[in-house]
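Below is protein00.cif, holding mmCIF, C-alpha atoms and all ligand atoms.
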data_start
#
loop_
_atom_site.label_atom_id
_atom_site.label_comp_id
_atom_site.auth_asym_id
_atom_site.auth_seq_id
_atom_site.Cartn_x
_atom_site.Cartn_y
_atom_site.Cartn_z
CA MET A 1454 0.00 0.00 0.00
CA PRO A 1455 1.47 3.37 -0.94
CA GLY A 1456 2.33 5.05 2.35
CA GLY A 1457 1.64 1.79 4.20
CA ALA A 1458 -2.11 2.20 4.76
CA SER A 1459 -5.23 2.70 2.65
CA SER A 1460 -6.16 6.08 4.06
CA GLY A 1461 -4.08 9.25 4.19
CA HIS A 1462 -4.98 9.92 7.80
CA ARG A 1463 -3.70 6.48 8.86
CA VAL A 1464 -0.25 6.97 7.40
CA GLY A 1465 2.64 7.71 9.76
CA TRP A 1466 2.00 5.35 12.65
CA ASP A 1467 4.58 2.83 13.91
CA GLN A 1468 1.97 0.79 15.78
CA VAL A 1469 -0.22 -1.87 14.25
CA PHE A 1470 -3.45 -2.02 16.19
CA VAL A 1471 -4.90 -5.49 16.54
CA ARG A 1472 -7.71 -5.22 19.09
CA SER A 1473 -10.32 -2.72 20.14
CA SER A 1474 -12.92 -2.84 22.89
CA GLY A 1475 -14.88 -0.15 24.71
CA ALA A 1476 -12.66 2.90 25.06
CA ARG A 1477 -9.43 0.99 24.42
CA LEU A 1478 -7.09 -0.13 21.67
CA TRP A 1479 -4.22 -2.65 21.81
CA ASP A 1480 -1.24 -2.79 19.50
CA GLU A 1481 0.49 -5.97 18.31
CA ASP A 1482 3.05 -5.68 21.12
CA GLY A 1483 0.20 -5.89 23.64
CA ARG A 1484 0.36 -2.22 24.66
CA GLU A 1485 -2.96 -0.78 25.75
CA TYR A 1486 -4.16 2.72 24.85
CA LEU A 1487 -7.07 4.83 25.98
CA ASP A 1488 -8.53 5.84 22.62
CA PHE A 1489 -9.15 9.55 22.16
CA LEU A 1490 -9.14 9.28 18.39
CA CYS A 1491 -12.26 7.07 18.14
CA ALA A 1492 -11.53 6.48 14.44
CA TRP A 1493 -12.00 10.23 13.82
CA GLY A 1494 -15.57 10.15 15.03
CA PRO A 1495 -17.59 7.03 14.26
CA ILE A 1496 -16.89 5.26 17.53
CA VAL A 1497 -19.40 7.02 19.75
CA LEU A 1498 -20.74 4.30 22.03
CA GLY A 1499 -17.47 2.42 22.26
CA HIS A 1500 -15.47 -0.05 20.21
CA ALA A 1501 -17.07 -3.40 19.35
CA ASP A 1502 -20.30 -2.52 21.13
CA ARG A 1503 -22.06 -5.83 21.74
CA ARG A 1504 -25.59 -4.50 21.13
CA VAL A 1505 -24.64 -2.94 17.79
CA ASN A 1506 -22.71 -6.00 16.69
CA GLU A 1507 -25.61 -8.31 17.57
CA ALA A 1508 -27.94 -6.19 15.45
CA VAL A 1509 -25.48 -6.38 12.55
CA LEU A 1510 -25.14 -10.13 12.95
CA ALA A 1511 -28.91 -10.49 12.89
CA ALA A 1512 -29.01 -8.48 9.65
CA THR A 1513 -26.29 -10.59 8.04
CA SER A 1514 -28.08 -13.81 8.88
CA THR A 1515 -31.66 -12.81 8.04
CA CYS A 1516 -31.59 -10.78 4.84
CA ASP A 1517 -28.25 -9.60 3.52
CA LEU A 1518 -27.52 -7.33 0.57
CA THR A 1519 -30.25 -7.78 -2.04
CA GLY A 1520 -29.71 -4.86 -4.38
CA VAL A 1521 -33.42 -4.46 -5.06
CA GLY A 1522 -35.98 -2.08 -3.63
CA PRO A 1523 -35.83 -0.57 -0.15
CA GLN A 1524 -33.80 -2.36 2.51
CA LEU A 1525 -35.53 -3.47 5.67
CA GLY A 1526 -34.72 -0.86 8.30
CA GLU A 1527 -33.87 1.86 5.79
CA VAL A 1528 -37.29 3.47 6.10
CA GLN A 1529 -37.18 3.20 9.88
CA LEU A 1530 -33.80 4.93 9.97
CA ALA A 1531 -34.92 7.64 7.56
CA GLU A 1532 -37.88 8.35 9.82
CA MET A 1533 -35.63 8.50 12.88
CA VAL A 1534 -33.25 10.97 11.17
CA CYS A 1535 -36.22 13.12 10.11
CA ASP A 1536 -37.50 13.06 13.69
CA LEU A 1537 -34.16 14.08 15.13
CA VAL A 1538 -32.64 16.58 12.70
CA PRO A 1539 -34.54 19.89 12.44
CA SER A 1540 -34.00 20.48 8.70
CA ALA A 1541 -34.54 16.85 7.64
CA GLN A 1542 -37.74 16.16 5.74
CA LYS A 1543 -36.22 13.61 3.39
CA VAL A 1544 -33.06 11.51 3.62
CA ALA A 1545 -30.85 9.54 1.23
CA PHE A 1546 -28.15 7.23 2.55
CA CYS A 1547 -24.72 6.53 1.10
CA THR A 1548 -21.47 5.14 2.49
CA SER A 1549 -19.14 8.02 3.33
CA GLY A 1550 -19.01 11.71 4.08
CA THR A 1551 -17.15 12.22 0.79
CA ASP A 1552 -20.09 10.68 -1.09
CA ALA A 1553 -22.63 12.70 0.86
CA ALA A 1554 -20.81 15.98 0.17
CA MET A 1555 -20.51 15.15 -3.53
CA HIS A 1556 -24.22 14.35 -3.76
CA ALA A 1557 -25.13 17.55 -1.93
CA ALA A 1558 -23.13 19.54 -4.50
CA HIS A 1559 -24.96 17.74 -7.32
CA VAL A 1560 -28.36 18.42 -5.76
CA ALA A 1561 -27.49 22.10 -5.27
CA ARG A 1562 -26.35 22.42 -8.89
CA ALA A 1563 -29.47 20.64 -10.16
CA LEU A 1564 -31.65 22.91 -8.05
CA THR A 1565 -30.01 26.20 -8.95
CA GLY A 1566 -28.63 25.54 -12.42
CA ARG A 1567 -25.37 27.12 -11.20
CA ARG A 1568 -21.89 25.66 -10.91
CA LYS A 1569 -19.87 27.42 -8.17
CA LEU A 1570 -19.46 26.29 -4.58
CA LEU A 1571 -18.46 28.35 -1.55
CA LYS A 1572 -16.66 26.76 1.36
CA PHE A 1573 -14.64 27.86 4.37
CA HIS A 1574 -10.88 27.80 4.70
CA GLY A 1575 -9.69 24.76 6.64
CA SER A 1576 -12.98 22.88 6.50
CA TYR A 1577 -12.69 19.37 5.16
CA HIS A 1578 -15.59 17.92 3.20
CA GLY A 1579 -13.88 14.86 1.67
CA TRP A 1580 -12.30 14.31 -1.70
CA SER A 1581 -14.75 15.14 -4.47
CA ASP A 1582 -12.81 17.56 -6.64
CA HIS A 1583 -14.53 20.90 -6.04
CA LEU A 1584 -14.70 20.39 -2.31
CA ALA A 1585 -11.13 19.14 -1.90
CA VAL A 1586 -9.81 22.67 -1.78
CA GLY A 1587 -8.78 25.07 0.94
CA CYS A 1588 -7.81 22.72 3.74
CA ALA A 1589 -4.50 21.21 2.65
CA ARG A 1590 -2.75 19.78 5.71
CA ASN A 1591 0.85 19.58 4.55
CA GLY A 1592 3.05 22.30 3.20
CA VAL A 1593 0.46 24.95 4.11
CA THR A 1594 1.61 28.07 5.83
CA VAL A 1595 -0.30 30.97 7.28
CA ASP A 1596 0.38 32.79 4.01
CA SER A 1597 -0.80 30.07 1.60
CA PRO A 1598 -3.69 31.03 -0.69
CA LEU A 1599 -7.09 30.20 0.78
CA ASP A 1600 -7.94 28.01 -2.19
CA SER A 1601 -4.89 25.71 -2.25
CA PRO A 1602 -5.97 22.25 -3.51
CA ASN A 1603 -5.79 19.57 -0.80
CA GLY A 1604 -3.81 17.12 -2.91
CA GLY A 1605 -2.46 16.28 -6.33
CA GLY A 1606 -4.46 15.03 -9.28
CA LEU A 1607 -7.54 17.14 -8.66
CA HIS A 1608 -9.19 18.64 -11.73
CA PRO A 1609 -6.96 21.56 -12.81
CA GLY A 1610 -9.98 23.70 -13.73
CA LEU A 1611 -11.74 23.40 -10.42
CA LEU A 1612 -10.43 26.56 -8.81
CA ALA A 1613 -12.52 28.63 -11.22
CA ASP A 1614 -15.63 27.26 -9.57
CA VAL A 1615 -14.75 27.34 -5.87
CA VAL A 1616 -14.85 30.34 -3.58
CA VAL A 1617 -13.01 29.90 -0.27
CA VAL A 1618 -13.68 32.25 2.63
CA GLU A 1619 -11.90 32.44 5.99
CA TRP A 1620 -14.08 31.04 8.79
CA ASN A 1621 -15.69 33.78 10.91
CA ASP A 1622 -14.67 36.50 8.43
CA VAL A 1623 -17.85 38.56 8.12
CA ALA A 1624 -16.47 41.04 5.59
CA GLY A 1625 -14.94 38.23 3.51
CA LEU A 1626 -18.23 36.36 3.45
CA GLU A 1627 -20.21 39.43 2.44
CA ARG A 1628 -17.65 40.21 -0.28
CA ALA A 1629 -17.80 36.64 -1.62
CA PHE A 1630 -21.58 36.88 -1.98
CA THR A 1631 -21.37 40.36 -3.51
CA ASP A 1632 -18.87 39.10 -6.08
CA HIS A 1633 -20.26 35.61 -6.74
CA GLY A 1634 -23.63 35.27 -4.96
CA ASP A 1635 -25.69 34.83 -8.09
CA GLU A 1636 -23.33 32.14 -9.40
CA LEU A 1637 -23.17 30.10 -6.18
CA ALA A 1638 -25.02 26.79 -6.24
CA ALA A 1639 -24.14 25.98 -2.64
CA ALA A 1640 -22.34 27.22 0.44
CA PHE A 1641 -20.84 24.43 2.53
CA ALA A 1642 -20.13 25.02 6.22
CA GLU A 1643 -19.48 22.92 9.28
CA GLY A 1644 -21.79 24.62 11.76
CA TYR A 1645 -19.13 24.18 14.41
CA VAL A 1646 -15.70 23.58 12.90
CA HIS A 1647 -13.88 20.39 13.81
CA SER A 1648 -11.66 20.20 10.73
CA PHE A 1649 -9.01 22.27 12.49
CA GLY A 1650 -9.85 21.49 16.07
CA CYS A 1651 -12.82 23.02 17.83
CA VAL A 1652 -13.71 26.47 16.53
CA PRO A 1653 -17.24 27.73 17.07
CA PRO A 1654 -18.96 30.16 14.75
CA ALA A 1655 -18.71 33.77 15.91
CA PRO A 1656 -22.07 35.06 17.16
CA GLY A 1657 -24.26 35.84 14.17
CA PHE A 1658 -21.95 34.23 11.59
CA LEU A 1659 -24.19 31.29 10.67
CA GLU A 1660 -27.22 33.58 10.69
CA LEU A 1661 -25.40 35.83 8.22
CA LEU A 1662 -24.58 32.85 6.01
CA ARG A 1663 -28.22 31.74 6.11
CA ALA A 1664 -29.42 35.25 5.17
CA LEU A 1665 -26.93 35.57 2.31
CA CYS A 1666 -27.92 32.16 0.95
CA ASP A 1667 -31.58 33.18 1.09
CA ARG A 1668 -30.91 36.52 -0.60
CA HIS A 1669 -28.93 34.93 -3.44
CA GLY A 1670 -30.85 31.68 -3.88
CA THR A 1671 -27.83 29.61 -2.79
CA VAL A 1672 -28.29 26.22 -1.14
CA PHE A 1673 -26.89 26.15 2.42
CA VAL A 1674 -25.29 22.76 3.09
CA MET A 1675 -24.38 22.13 6.72
CA ASP A 1676 -21.66 19.51 7.07
CA GLU A 1677 -22.60 17.59 10.21
CA VAL A 1678 -20.33 14.64 9.44
CA LYS A 1679 -18.53 15.22 12.74
CA THR A 1680 -21.21 16.99 14.77
CA GLY A 1681 -24.16 14.85 13.66
CA PHE A 1682 -25.74 12.82 16.49
CA ARG A 1683 -22.63 13.39 18.64
CA ALA A 1684 -22.82 17.12 19.49
CA ALA A 1685 -26.58 16.65 19.81
CA LEU A 1686 -28.98 14.06 18.47
CA GLY A 1687 -30.34 16.79 16.21
CA GLY A 1688 -26.84 17.82 15.15
CA TYR A 1689 -25.26 21.23 15.65
CA GLN A 1690 -28.22 22.84 13.85
CA SER A 1691 -30.36 21.90 16.84
CA ILE A 1692 -27.91 23.77 19.10
CA CYS A 1693 -27.36 26.89 17.01
CA GLY A 1694 -30.90 27.20 15.70
CA VAL A 1695 -29.79 27.91 12.14
CA THR A 1696 -31.43 25.57 9.67
CA PRO A 1697 -29.67 24.56 6.45
CA ASP A 1698 -31.34 23.41 3.23
CA LEU A 1699 -29.23 20.25 3.09
CA THR A 1700 -27.33 18.43 5.81
CA ILE A 1701 -24.66 15.83 5.31
CA PHE A 1702 -23.88 13.35 8.07
CA GLY A 1703 -21.95 10.13 8.66
CA LYS A 1704 -19.48 8.89 11.29
CA SER A 1705 -21.32 8.62 14.64
CA ILE A 1706 -24.59 7.47 13.13
CA ALA A 1707 -23.52 3.82 12.99
CA ASN A 1708 -20.79 3.41 15.64
CA GLY A 1709 -18.17 2.42 13.07
CA TYR A 1710 -20.15 0.79 10.25
CA SER A 1711 -19.99 2.57 6.89
CA LEU A 1712 -23.00 4.80 6.66
CA ALA A 1713 -23.47 8.42 5.72
CA GLY A 1714 -26.21 10.42 4.15
CA MET A 1715 -27.78 13.61 3.04
CA ALA A 1716 -30.96 15.05 4.51
CA GLY A 1717 -32.85 18.11 3.49
CA THR A 1718 -36.01 20.03 3.03
CA ASP A 1719 -38.63 18.62 0.69
CA GLU A 1720 -37.87 21.49 -1.66
CA ALA A 1721 -34.15 20.64 -1.91
CA MET A 1722 -34.58 16.87 -1.89
CA ARG A 1723 -36.99 17.06 -4.83
CA TYR A 1724 -33.79 17.35 -6.84
CA VAL A 1725 -32.71 13.82 -5.96
CA GLY A 1726 -33.75 11.44 -8.70
CA ALA A 1727 -32.56 8.27 -10.34
CA TYR A 1728 -30.90 8.60 -13.71
CA ASP A 1729 -32.94 11.48 -15.06
CA THR A 1730 -31.25 14.55 -16.49
CA GLU A 1731 -32.96 17.21 -14.36
CA ARG A 1732 -32.18 15.77 -10.95
CA ALA A 1733 -29.10 14.45 -9.20
CA THR A 1734 -28.68 10.70 -8.88
CA VAL A 1735 -27.76 9.14 -5.55
CA ASP A 1736 -26.68 5.62 -6.31
CA GLY A 1737 -24.33 2.99 -4.92
CA THR A 1738 -24.21 -0.79 -4.53
CA TYR A 1739 -23.61 -0.44 -0.80
CA ASN A 1740 -25.83 2.56 -0.09
CA ALA A 1741 -27.90 1.80 3.01
CA SER A 1742 -26.49 -1.72 3.27
CA PRO A 1743 -28.56 -3.70 5.77
CA TYR A 1744 -25.55 -4.17 8.08
CA ALA A 1745 -24.84 -0.47 8.38
CA ILE A 1746 -28.54 0.29 8.67
CA ALA A 1747 -28.92 -2.22 11.52
CA ALA A 1748 -25.91 -0.66 13.22
CA ALA A 1749 -27.32 2.84 12.82
CA ASN A 1750 -30.82 1.99 14.02
CA THR A 1751 -29.35 0.37 17.11
CA THR A 1752 -26.80 3.12 17.75
CA LEU A 1753 -29.38 5.90 17.49
CA GLU A 1754 -31.89 3.99 19.58
CA ILE A 1755 -29.30 3.53 22.34
CA MET A 1756 -28.30 7.17 22.09
CA ARG A 1757 -31.91 8.27 22.23
CA THR A 1758 -32.98 6.13 25.15
CA GLU A 1759 -29.87 6.04 27.30
CA GLY A 1760 -28.91 9.70 27.54
CA VAL A 1761 -25.65 9.07 25.71
CA VAL A 1762 -25.17 12.67 24.58
CA ASP A 1763 -25.50 13.94 28.17
CA ARG A 1764 -22.92 11.39 29.25
CA LEU A 1765 -20.56 12.46 26.46
CA TYR A 1766 -20.90 16.09 27.59
CA ALA A 1767 -20.23 15.21 31.23
CA LEU A 1768 -17.14 13.19 30.30
CA GLY A 1769 -15.93 15.86 27.90
CA ASP A 1770 -16.32 18.58 30.52
CA ARG A 1771 -14.43 16.50 33.06
CA LEU A 1772 -11.56 15.95 30.65
CA ARG A 1773 -11.37 19.58 29.49
CA SER A 1774 -11.31 20.72 33.12
CA ALA A 1775 -8.50 18.30 33.88
CA ILE A 1776 -6.45 19.47 30.90
CA ARG A 1777 -7.06 23.14 31.76
CA ALA A 1778 -5.95 22.47 35.35
CA ALA A 1779 -2.79 20.83 33.98
CA VAL A 1780 -2.16 23.83 31.71
CA ASP A 1781 -2.42 26.16 34.71
CA ASP A 1782 -0.29 23.96 36.92
CA THR A 1783 2.51 23.42 34.41
CA GLY A 1784 2.46 26.93 32.97
CA ALA A 1785 2.22 25.46 29.46
CA ARG A 1786 1.37 28.02 26.78
CA ALA A 1787 -1.74 26.28 25.55
CA VAL A 1788 -5.48 26.80 25.25
CA VAL A 1789 -8.19 24.17 25.47
CA THR A 1790 -11.42 24.44 23.48
CA GLY A 1791 -14.25 22.07 22.70
CA LEU A 1792 -17.86 21.04 22.63
CA GLY A 1793 -19.38 17.99 24.31
CA SER A 1794 -17.27 14.93 23.63
CA GLN A 1795 -14.75 16.80 21.45
CA TRP A 1796 -11.82 19.01 22.35
CA ALA A 1797 -8.64 20.55 20.99
CA VAL A 1798 -5.46 21.78 22.60
CA TYR A 1799 -3.66 24.53 20.71
CA PHE A 1800 -0.18 25.67 21.63
CA LEU A 1801 -1.22 29.29 21.22
CA ASP A 1802 -1.89 32.15 23.61
CA GLU A 1803 -5.52 32.46 22.61
CA GLU A 1804 -8.23 30.38 21.03
CA PRO A 1805 -8.10 30.49 17.23
CA ARG A 1806 -11.10 31.88 15.38
CA ASN A 1807 -10.05 30.58 11.96
CA PHE A 1808 -7.70 28.19 10.13
CA ARG A 1809 -4.81 30.62 9.70
CA GLN A 1810 -4.78 31.28 13.43
CA ALA A 1811 -5.02 27.55 14.21
CA LEU A 1812 -2.06 26.90 11.89
CA ARG A 1813 0.09 29.04 14.16
CA THR A 1814 -0.06 26.35 16.87
CA ASP A 1815 3.48 25.41 17.91
CA THR A 1816 4.05 22.07 16.18
CA GLY A 1817 7.29 21.34 18.05
CA ARG A 1818 5.54 21.61 21.40
CA TYR A 1819 2.60 19.64 20.03
CA SER A 1820 4.77 16.72 19.02
CA ALA A 1821 6.46 16.59 22.46
CA TYR A 1822 2.97 16.61 23.97
CA GLN A 1823 1.58 13.92 21.68
CA ARG A 1824 4.62 11.64 22.10
CA THR A 1825 4.32 11.85 25.90
CA LEU A 1826 0.61 11.07 25.72
CA LEU A 1827 1.27 8.04 23.54
CA ALA A 1828 4.04 6.78 25.82
CA GLY A 1829 1.59 7.16 28.72
CA GLY A 1830 -1.05 5.07 26.94
CA VAL A 1831 -3.28 7.93 25.74
CA LEU A 1832 -3.86 7.83 22.00
CA GLU A 1833 -4.55 11.09 20.21
CA THR A 1834 -4.09 12.20 16.64
CA VAL A 1835 -0.62 13.12 15.39
CA ALA A 1836 -2.15 16.12 13.61
CA PRO A 1837 -1.56 19.26 15.68
CA THR A 1838 -4.66 21.18 14.64
CA SER A 1839 -7.16 18.33 14.67
CA ASP A 1840 -9.99 17.71 17.06
CA ARG A 1841 -10.03 14.73 19.41
CA ARG A 1842 -12.92 12.97 21.07
CA LEU A 1843 -14.04 10.35 23.52
CA CYS A 1844 -16.73 7.67 23.41
CA ALA A 1845 -19.41 6.79 25.94
CA ALA A 1846 -17.52 3.68 27.08
CA THR A 1847 -14.90 5.96 28.65
CA THR A 1848 -15.18 6.03 32.44
CA GLU A 1849 -14.57 8.80 34.97
CA GLU A 1850 -11.65 6.72 36.25
CA ASP A 1851 -10.17 6.61 32.73
CA ILE A 1852 -10.29 10.39 32.63
CA ASP A 1853 -8.81 10.81 36.09
CA ARG A 1854 -5.96 8.48 35.16
CA ALA A 1855 -5.48 10.25 31.84
CA ALA A 1856 -5.29 13.57 33.72
CA GLU A 1857 -1.91 12.52 35.10
CA VAL A 1858 -0.66 11.72 31.61
CA TYR A 1859 -1.91 15.11 30.35
CA HIS A 1860 -0.03 16.79 33.17
CA ALA A 1861 3.19 15.07 32.12
CA ALA A 1862 2.55 15.82 28.44
CA LEU A 1863 1.97 19.52 29.06
CA ALA A 1864 5.01 19.66 31.35
CA ALA A 1865 7.04 18.23 28.44
CA THR A 1866 6.18 21.33 26.41
CA VAL A 1867 7.57 23.76 28.95
CA SER A 1868 11.26 24.37 28.47
N1 LIG A 1901 -16.85 16.31 6.39
C1 LIG A 1901 -16.19 16.41 7.55
C2 LIG A 1901 -16.43 17.60 8.43
C3 LIG A 1901 -15.28 15.43 7.94
O1 LIG A 1901 -14.60 15.55 9.08
C4 LIG A 1901 -15.07 14.32 7.07
C5 LIG A 1901 -14.10 13.28 7.43
O2 LIG A 1901 -13.36 13.37 8.37
C6 LIG A 1901 -15.77 14.28 5.87
C7 LIG A 1901 -16.67 15.27 5.56
C8 LIG A 1901 -15.57 13.12 4.93
O3 LIG A 1901 -16.13 11.96 5.50
P1 LIG A 1901 -15.58 10.51 5.09
O4 LIG A 1901 -14.24 10.35 5.70
O5 LIG A 1901 -16.63 9.58 5.66
O6 LIG A 1901 -15.55 10.47 3.60
#
I'd like the structure from this file rewritten - as structure tokens, please.
Amino acid sequence: MPGGASSGHRVGWDQVFVRSSGARLWDEDGREYLDFLCAWGPIVLGHADRRVNEAVLAATSTCDLTGVGPQLGEVQLAEMVCDLVPSAQKVAFCTSGTDAAMHAAHVARALTGRRKLLKFHGSYHGWSDHLAVGCARNGVTVDSPLDSPNGGGLHPGLLADVVVVEWNDVAGLERAFTDHGDELAAAFAEGYVHSFGCVPPAPGFLELLRALCDRHGTVFVMDEVKTGFRAALGGYQSICGVTPDLTIFGKSIANGYSLAGMAGTDEAMRYVGAYDTERATVDGTYNASPYAIAAANTTLEIMRTEGVVDRLYALGDRLRSAIRAAVDDTGARAVVTGLGSQWAVYFLDEEPRNFRQALRTDTGRYSAYQRTLLAGGVLETVAPTSDRRLCAATTEEDIDRAAEVYHAALAATVS
């Protein structure tokens, strides 16, 4: 495998992980880690959750992939998503956030007859060409153009059709709509940014985006791939009160099984069709596979009935408090931000409000911090500006033990 693994974000690890259970991972040398990566989001209940796996097993042994008509459970899940997510009146399922974002762009173009997309600097929406711009991770500096492509091989003409705006930049957003508003099919935004850590919208920013989209007839796509069902069962839109036209989601919905989707208003979702020329086609052999659907129905049911989101918030608060106490005690130059089960530690003097500011985090101090965490059995991402998260299988004792490791890791950054 080029790079040694089949996914860019898994490249660069020495460890080979061979077992996962609850809040823990084990590598092939038998070392145990408290997992604060949670596979970048899907693991929300805990690894190898017995209830989810039993539901999947039942699906595999009763009616597996048929490839015809609706799948059993698909309708039930669609109804649950429509119940939970404020803007969802119709839903279509696919297998990844990349797919969902691509389909949302197609629907927006079919609806508006326009071609351009607006997105925010640093926000990641997967790898479909026009969205794979403006959040390159390597070789980016605070001076790089906002619309640097995220990788090689993307369509060379795409930059003509993408407008990238700095997150929380009111004047930049207004200017982008003044210059391009009537050409914009869609504006993509994470309601609460996790692509470069944990960066909330400034007060009024999402409301402004909503108003500009309304004024210019642009489809507002909220990317809830990371916030969906985890920040709140209704997604971040249920917290901020700003309702998009389309929502894309994935990750936490199925506790690790491959499921994602797009939800939206009846008006927007009228532009989903099947192989006609006026509407966008959502299609895929594995879309809404019965295994992933069984996993999602069970995961959401557990989350709904067992107060999982409240537990995630309580655990997240406990951990953020512990890290903040360690920052104060060690005198480390770091700030801690976050929402619910997610957090970020930036080696900066103040919380970043956008990607350029987040990029100023001290990477040398971050790598000393991350290495010490790993040696102490706490697994976090190697990426200095990324978010991190916990799952509901984490215990208070896990957090209290981890607090000691955080103290050592922050101390390692103080020279
Ligand atoms: N959108 C956001 C905000 C994401 O964080 C991700 C993945 O991390 C995606 C979209 C793409 O999702 P996937 O990796 O399932 O293709």
Within 6 Å of ligand LIG 1901 (chain A): each chain A residue with its shortest pair, all atoms listed in the file, as JSON lines:
{"residue": "A:Ser1549", "atom": "CA", "partner": "A:LIG1901", "partner_atom": "O5", "distance": 3.8}
{"residue": "A:Gly1550", "atom": "CA", "partner": "A:LIG1901", "partner_atom": "O3", "distance": 3.2}
{"residue": "A:Thr1551", "atom": "CA", "partner": "A:LIG1901", "partner_atom": "O6", "distance": 3.7}
{"residue": "A:Tyr1577", "atom": "CA", "partner": "A:LIG1901", "partner_atom": "C1", "distance": 5.2}
{"residue": "A:His1578", "atom": "CA", "partner": "A:LIG1901", "partner_atom": "C7", "distance": 3.7}
{"residue": "A:Gly1579", "atom": "CA", "partner": "A:LIG1901", "partner_atom": "C8", "distance": 4.1}
{"residue": "A:Ser1648", "atom": "CA", "partner": "A:LIG1901", "partner_atom": "O1", "distance": 5.7}
{"residue": "A:Asp1676", "atom": "CA", "partner": "A:LIG1901", "partner_atom": "C2", "distance": 5.7}
{"residue": "A:Val1678", "atom": "CA", "partner": "A:LIG1901", "partner_atom": "C1", "distance": 4.9}
{"residue": "A:Lys1679", "atom": "CA", "partner": "A:LIG1901", "partner_atom": "C2", "distance": 5.4}
Go ahead and write the residues just picked, C-alpha atoms, as a PDB file, keeping the file's coordinate frame.
ATOM      1  CA  SER A1549     -19.140   8.020   3.330  1.00  0.00           C
ATOM      2  CA  GLY A1550     -19.010  11.710   4.080  1.00  0.00           C
ATOM      3  CA  THR A1551     -17.150  12.220   0.790  1.00  0.00           C
ATOM      4  CA  TYR A1577     -12.690  19.370   5.160  1.00  0.00           C
ATOM      5  CA  HIS A1578     -15.590  17.920   3.200  1.00  0.00           C
ATOM      6  CA  GLY A1579     -13.880  14.860   1.670  1.00  0.00           C
ATOM      7  CA  SER A1648     -11.660  20.200  10.730  1.00  0.00           C
ATOM      8  CA  ASP A1676     -21.660  19.510   7.070  1.00  0.00           C
ATOM      9  CA  VAL A1678     -20.330  14.640   9.440  1.00  0.00           C
ATOM     10  CA  LYS A1679     -18.530  15.220  12.740  1.00  0.00           C
TER      11      LYS A1679
END
Measuring between all atoms listed in the file, which one of A:Ala1501, A:Leu1626, A:Met1533, A:Val1831 shows the shortest distance to Glu1660 (chain A)?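 Among the listed residues, the smallest separation from Glu1660 (chain A) belongs to A:Leu1626.
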Find the residue from A:Val1858, A:Ala1727, A:Leu1812, A:Ala1508 that sits nearest to Cys1588 (chain A); use all atoms listed in the file when measuring. A:Leu1812
For Arg1683 (chain A), which of A:Arg1463, A:Arg1668, A:Arg1723, A:Lys1704 is the closest residue, counting all atoms listed in the file?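 Looking only at the distances to Arg1683 (chain A), the closest residue turns out to be A:Lys1704.
Interatomic distance, CA of His1647 (chain A) to CA of Trp1493 (chain A): 10.3 Å.
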Counting all atoms listed in the file, the option among A:Asn1708, A:Ser1597, A:Gln1529, A:Thr1814 closest to Ala1846 (chain A): A:Asn1708
Residues of region 1792-1837 of chain A at most 12 Å from region 1643-1646 of chain A: nearest atom pair and distance in Å, all atoms listed in the file, as a tab-separated table:
residue	atom	partner	partner_atom	distance
A:Leu1792	CA	A:Tyr1645	CA	8.9
A:Gly1793	CA	A:Tyr1645	CA	11.7
A:Gln1795	CA	A:Val1646	CA	11.0
A:Trp1796	CA	A:Val1646	CA	11.2
A:Ala1797	CA	A:Val1646	CA	11.2
A:Pro1805	CA	A:Val1646	CA	11.1
A:Arg1806	CA	A:Val1646	CA	9.8
A:Asn1807	CA	A:Val1646	CA	9.0
A:Phe1808	CA	A:Val1646	CA	9.6
A:Ala1811	CA	A:Val1646	CA	11.5
Which residue of A:Gly1566, A:Gly1483, A:Leu1768, A:Leu1490 approaches Glu1849 (chain A) most closely, using only C-alpha atoms: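 With only C-alpha atoms as the atom set, the closest residue is A:Leu1768.
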